[in-house]
Amino acid sequence: GNVTRQVLDLARRRGITGLSIDGFDLTPAMLDRFRQWLHREGVEAVDLREANVLEPDQLPQSWVGYDRILSSAMLEYLPKDRLAEALANLRGRLADDGTLTIFITRRNALTKGLIEWWWKANIYTRHELREIYRQAGFDSITFHRFPCPFWHLNLWGLIVEARNPQS
């Protein structure tokens, strides 16, 4: 919900209207918390579902043809050997030439202790992610850094953008 909140806030500040967002999460508590925020903010153009990215049939069949799909701090909790499958499932929801943008924990000494050992989540190197994205069918993969004033997040994670190959 944090990335979606930022997208909605940015759209509001720039006067962008007619924005429609679909979102899903595996945990009902996270969805409930986000629904409460949406209600407090008076946001109605968000459709939320409880679903697992590894079980794409749980999502509406109409949830396809997206120009952009965003994921933040979710994919680390999947089994490492299924990350390519999850990315392929998301790629299947993109429009031709659509973009998948993920924010994911990078491997370093800080995240190894906090994220991998303490939270029991996975962490990745650029090299690992590049290979996993290729396995998922992406061929255009770009890594970005968090901009100032969010530069400190570069210690935590990576921003990865991948374009869906055109059919």
# chains A, B, ... in the order shown; residues from 1 in each chain; ligands from 1
>>> select_by_dssp(residues="region 11-163 of chain A", states="strand (DSSP E)", output="ChimeraX atom specification")
/A:21-25,46-50,66-72,94-105,140-144,157-163
>>> select_by_dssp(residues="region 34-130 of chain A", states="alpha helix (DSSP H)", output="list in words")
Phe34, Arg35, Gln36, Trp37, Leu38, His39, Arg40, Glu41, Leu83, Ala84, Glu85, Ala86, Leu87, Ala88, Asn89, Leu90, Arg91, Ala109, Leu110, Thr111, Arg126, His127, Glu128, Leu129 and Arg130 of chain A
>>> residues_around(residues="Trp63 (chain A)", least_positions_apart="2", cutoff="12 Å", atoms="only C-alpha atoms", output="count of residues only")
26
>>> closest_residue(among="A:Thr99, A:Ala45, A:Thr111, A:Arg33", to="Gln166 (chain A)", atoms="only C-alpha atoms")
A:Thr99
>>> closest_atom_pairs(of="region 69-138 of chain A", to="region 142-163 of chain A", cutoff="6 Å", atoms="only C-alpha atoms", output="JSON lines")
{"residue": "A:Asp97", "atom": "CA", "partner": "A:Arg163", "partner_atom": "CA", "distance": 5.7}
{"residue": "A:Gly98", "atom": "CA", "partner": "A:Arg163", "partner_atom": "CA", "distance": 5.7}
{"residue": "A:Thr99", "atom": "CA", "partner": "A:Arg163", "partner_atom": "CA", "distance": 4.5}
{"residue": "A:Leu100", "atom": "CA", "partner": "A:Ala162", "partner_atom": "CA", "distance": 5.3}
{"residue": "A:Thr101", "atom": "CA", "partner": "A:Glu161", "partner_atom": "CA", "distance": 4.5}
{"residue": "A:Ile102", "atom": "CA", "partner": "A:Val160", "partner_atom": "CA", "distance": 5.3}
{"residue": "A:Phe103", "atom": "CA", "partner": "A:Ile159", "partner_atom": "CA", "distance": 4.7}
{"residue": "A:Ile104", "atom": "CA", "partner": "A:Gly157", "partner_atom": "CA", "distance": 5.3}
{"residue": "A:Thr105", "atom": "CA", "partner": "A:Gly157", "partner_atom": "CA", "distance": 4.2}
{"residue": "A:Arg106", "atom": "CA", "partner": "A:Gly157", "partner_atom": "CA", "distance": 4.7}
>>> closest_residue(among="A:Leu83, A:Val43, A:Leu110, A:Val64", to="Asp96 (chain A)", atoms="only C-alpha atoms")
A:Val64
>>> closest_residue(among="A:Arg82, A:Met30, A:Gly18, A:Gly113", to="Glu44 (chain A)", atoms="only C-alpha atoms")
A:Gly18
>>> decode(residues="region 31-130 of chain A", atoms="C-alpha atoms", output="PDB file, in the first residue's frame")
ATOM      1  CA  LEU A  31      -5.573  -5.099   2.885  1.00  0.00           C
ATOM      2  CA  ASP A  32      -7.773  -3.975   5.796  1.00  0.00           C
ATOM      3  CA  ARG A  33      -5.229  -1.375   6.877  1.00  0.00           C
ATOM      4  CA  PHE A  34      -4.993  -0.043   3.327  1.00  0.00           C
ATOM      5  CA  ARG A  35      -8.806  -0.008   2.936  1.00  0.00           C
ATOM      6  CA  GLN A  36      -9.028   2.086   6.112  1.00  0.00           C
ATOM      7  CA  TRP A  37      -6.524   4.560   4.678  1.00  0.00           C
ATOM      8  CA  LEU A  38      -8.461   4.711   1.375  1.00  0.00           C
ATOM      9  CA  HIS A  39     -11.688   5.382   3.284  1.00  0.00           C
ATOM     10  CA  ARG A  40     -10.089   8.142   5.402  1.00  0.00           C
ATOM     11  CA  GLU A  41      -8.663   9.768   2.265  1.00  0.00           C
ATOM     12  CA  GLY A  42     -11.909   9.410   0.310  1.00  0.00           C
ATOM     13  CA  VAL A  43     -10.256   7.383  -2.447  1.00  0.00           C
ATOM     14  CA  GLU A  44     -12.628   5.173  -4.403  1.00  0.00           C
ATOM     15  CA  ALA A  45     -10.779   4.248  -7.605  1.00  0.00           C
ATOM     16  CA  VAL A  46      -8.872   1.328  -6.066  1.00  0.00           C
ATOM     17  CA  ASP A  47     -10.002  -2.292  -6.392  1.00  0.00           C
ATOM     18  CA  LEU A  48      -8.327  -4.566  -3.830  1.00  0.00           C
ATOM     19  CA  ARG A  49      -8.252  -8.346  -3.710  1.00  0.00           C
ATOM     20  CA  GLU A  50      -6.714 -10.982  -1.494  1.00  0.00           C
ATOM     21  CA  ALA A  51      -4.542 -13.083  -3.775  1.00  0.00           C
ATOM     22  CA  ASN A  52      -1.230 -14.876  -4.114  1.00  0.00           C
ATOM     23  CA  VAL A  53       1.054 -13.870  -6.993  1.00  0.00           C
ATOM     24  CA  LEU A  54       1.908 -17.567  -7.382  1.00  0.00           C
ATOM     25  CA  GLU A  55      -1.771 -18.344  -8.030  1.00  0.00           C
ATOM     26  CA  PRO A  56      -2.765 -15.879 -10.768  1.00  0.00           C
ATOM     27  CA  ASP A  57      -6.205 -17.466 -11.248  1.00  0.00           C
ATOM     28  CA  GLN A  58      -7.215 -15.838  -7.944  1.00  0.00           C
ATOM     29  CA  LEU A  59      -7.224 -12.460  -9.713  1.00  0.00           C
ATOM     30  CA  PRO A  60     -10.007 -11.256 -12.019  1.00  0.00           C
ATOM     31  CA  GLN A  61      -9.508 -12.231 -15.653  1.00  0.00           C
ATOM     32  CA  SER A  62     -10.037  -8.577 -16.566  1.00  0.00           C
ATOM     33  CA  TRP A  63      -6.863  -7.586 -14.696  1.00  0.00           C
ATOM     34  CA  VAL A  64      -4.678  -7.593 -17.813  1.00  0.00           C
ATOM     35  CA  GLY A  65      -3.160  -5.126 -20.247  1.00  0.00           C
ATOM     36  CA  TYR A  66      -1.480  -2.937 -17.612  1.00  0.00           C
ATOM     37  CA  ASP A  67       0.935  -0.219 -18.686  1.00  0.00           C
ATOM     38  CA  ARG A  68       2.732  -0.522 -15.340  1.00  0.00           C
ATOM     39  CA  ILE A  69       2.715  -2.943 -12.453  1.00  0.00           C
ATOM     40  CA  LEU A  70       4.394  -1.924  -9.185  1.00  0.00           C
ATOM     41  CA  SER A  71       5.520  -4.213  -6.387  1.00  0.00           C
ATOM     42  CA  SER A  72       7.257  -3.129  -3.222  1.00  0.00           C
ATOM     43  CA  ALA A  73       8.813  -5.325  -0.541  1.00  0.00           C
ATOM     44  CA  MET A  74       6.561  -8.272  -1.338  1.00  0.00           C
ATOM     45  CA  LEU A  75       8.535 -10.606  -3.555  1.00  0.00           C
ATOM     46  CA  GLU A  76      11.244 -11.167  -0.918  1.00  0.00           C
ATOM     47  CA  TYR A  77       8.831 -13.396   0.962  1.00  0.00           C
ATOM     48  CA  LEU A  78       8.372 -15.881  -1.869  1.00  0.00           C
ATOM     49  CA  PRO A  79      10.503 -18.992  -2.061  1.00  0.00           C
ATOM     50  CA  LYS A  80      13.613 -18.056  -4.048  1.00  0.00           C
ATOM     51  CA  ASP A  81      13.058 -20.861  -6.535  1.00  0.00           C
ATOM     52  CA  ARG A  82       9.597 -19.445  -7.378  1.00  0.00           C
ATOM     53  CA  LEU A  83      10.492 -15.782  -7.933  1.00  0.00           C
ATOM     54  CA  ALA A  84      10.828 -16.256 -11.712  1.00  0.00           C
ATOM     55  CA  GLU A  85       7.360 -17.851 -11.754  1.00  0.00           C
ATOM     56  CA  ALA A  86       5.910 -14.875  -9.854  1.00  0.00           C
ATOM     57  CA  LEU A  87       7.559 -12.400 -12.230  1.00  0.00           C
ATOM     58  CA  ALA A  88       6.257 -14.362 -15.220  1.00  0.00           C
ATOM     59  CA  ASN A  89       2.752 -14.236 -13.725  1.00  0.00           C
ATOM     60  CA  LEU A  90       3.024 -10.453 -13.388  1.00  0.00           C
ATOM     61  CA  ARG A  91       4.483 -10.169 -16.905  1.00  0.00           C
ATOM     62  CA  GLY A  92       1.402 -12.022 -18.174  1.00  0.00           C
ATOM     63  CA  ARG A  93      -0.746  -9.179 -16.823  1.00  0.00           C
ATOM     64  CA  LEU A  94       1.236  -6.447 -18.621  1.00  0.00           C
ATOM     65  CA  ALA A  95       0.337  -4.866 -21.927  1.00  0.00           C
ATOM     66  CA  ASP A  96       2.787  -5.349 -24.765  1.00  0.00           C
ATOM     67  CA  ASP A  97       5.696  -3.055 -23.895  1.00  0.00           C
ATOM     68  CA  GLY A  98       4.261  -2.551 -20.374  1.00  0.00           C
ATOM     69  CA  THR A  99       6.660  -2.092 -17.472  1.00  0.00           C
ATOM     70  CA  LEU A 100       7.074  -4.056 -14.259  1.00  0.00           C
ATOM     71  CA  THR A 101       8.705  -1.983 -11.520  1.00  0.00           C
ATOM     72  CA  ILE A 102       9.728  -3.667  -8.304  1.00  0.00           C
ATOM     73  CA  PHE A 103      11.371  -2.424  -5.143  1.00  0.00           C
ATOM     74  CA  ILE A 104      13.228  -5.376  -3.644  1.00  0.00           C
ATOM     75  CA  THR A 105      15.780  -5.952  -0.906  1.00  0.00           C
ATOM     76  CA  ARG A 106      19.370  -6.077  -2.092  1.00  0.00           C
ATOM     77  CA  ARG A 107      22.045  -8.323  -0.652  1.00  0.00           C
ATOM     78  CA  ASN A 108      24.533  -6.616   1.666  1.00  0.00           C
ATOM     79  CA  ALA A 109      25.766  -7.033   5.262  1.00  0.00           C
ATOM     80  CA  LEU A 110      22.961  -4.879   6.698  1.00  0.00           C
ATOM     81  CA  THR A 111      20.134  -6.678   4.900  1.00  0.00           C
ATOM     82  CA  LYS A 112      21.677 -10.099   5.501  1.00  0.00           C
ATOM     83  CA  GLY A 113      21.313  -9.603   9.251  1.00  0.00           C
ATOM     84  CA  LEU A 114      18.016  -7.752   9.346  1.00  0.00           C
ATOM     85  CA  ILE A 115      16.013  -9.040   6.388  1.00  0.00           C
ATOM     86  CA  GLU A 116      17.387 -12.503   5.696  1.00  0.00           C
ATOM     87  CA  TRP A 117      18.113 -13.750   9.216  1.00  0.00           C
ATOM     88  CA  TRP A 118      15.670 -11.762  11.349  1.00  0.00           C
ATOM     89  CA  TRP A 119      12.673 -11.494   9.010  1.00  0.00           C
ATOM     90  CA  LYS A 120      13.357 -14.747   7.153  1.00  0.00           C
ATOM     91  CA  ALA A 121      13.005 -13.056   3.757  1.00  0.00           C
ATOM     92  CA  ASN A 122      15.172 -13.370   0.666  1.00  0.00           C
ATOM     93  CA  ILE A 123      17.703 -10.840  -0.533  1.00  0.00           C
ATOM     94  CA  TYR A 124      19.178 -10.563  -4.016  1.00  0.00           C
ATOM     95  CA  THR A 125      22.148  -9.292  -5.970  1.00  0.00           C
ATOM     96  CA  ARG A 126      21.737  -7.500  -9.290  1.00  0.00           C
ATOM     97  CA  HIS A 127      23.257 -10.507 -11.033  1.00  0.00           C
ATOM     98  CA  GLU A 128      20.737 -12.901  -9.429  1.00  0.00           C
ATOM     99  CA  LEU A 129      17.808 -10.652 -10.313  1.00  0.00           C
ATOM    100  CA  ARG A 130      18.962 -10.191 -13.909  1.00  0.00           C
TER     101      ARG A 130
END
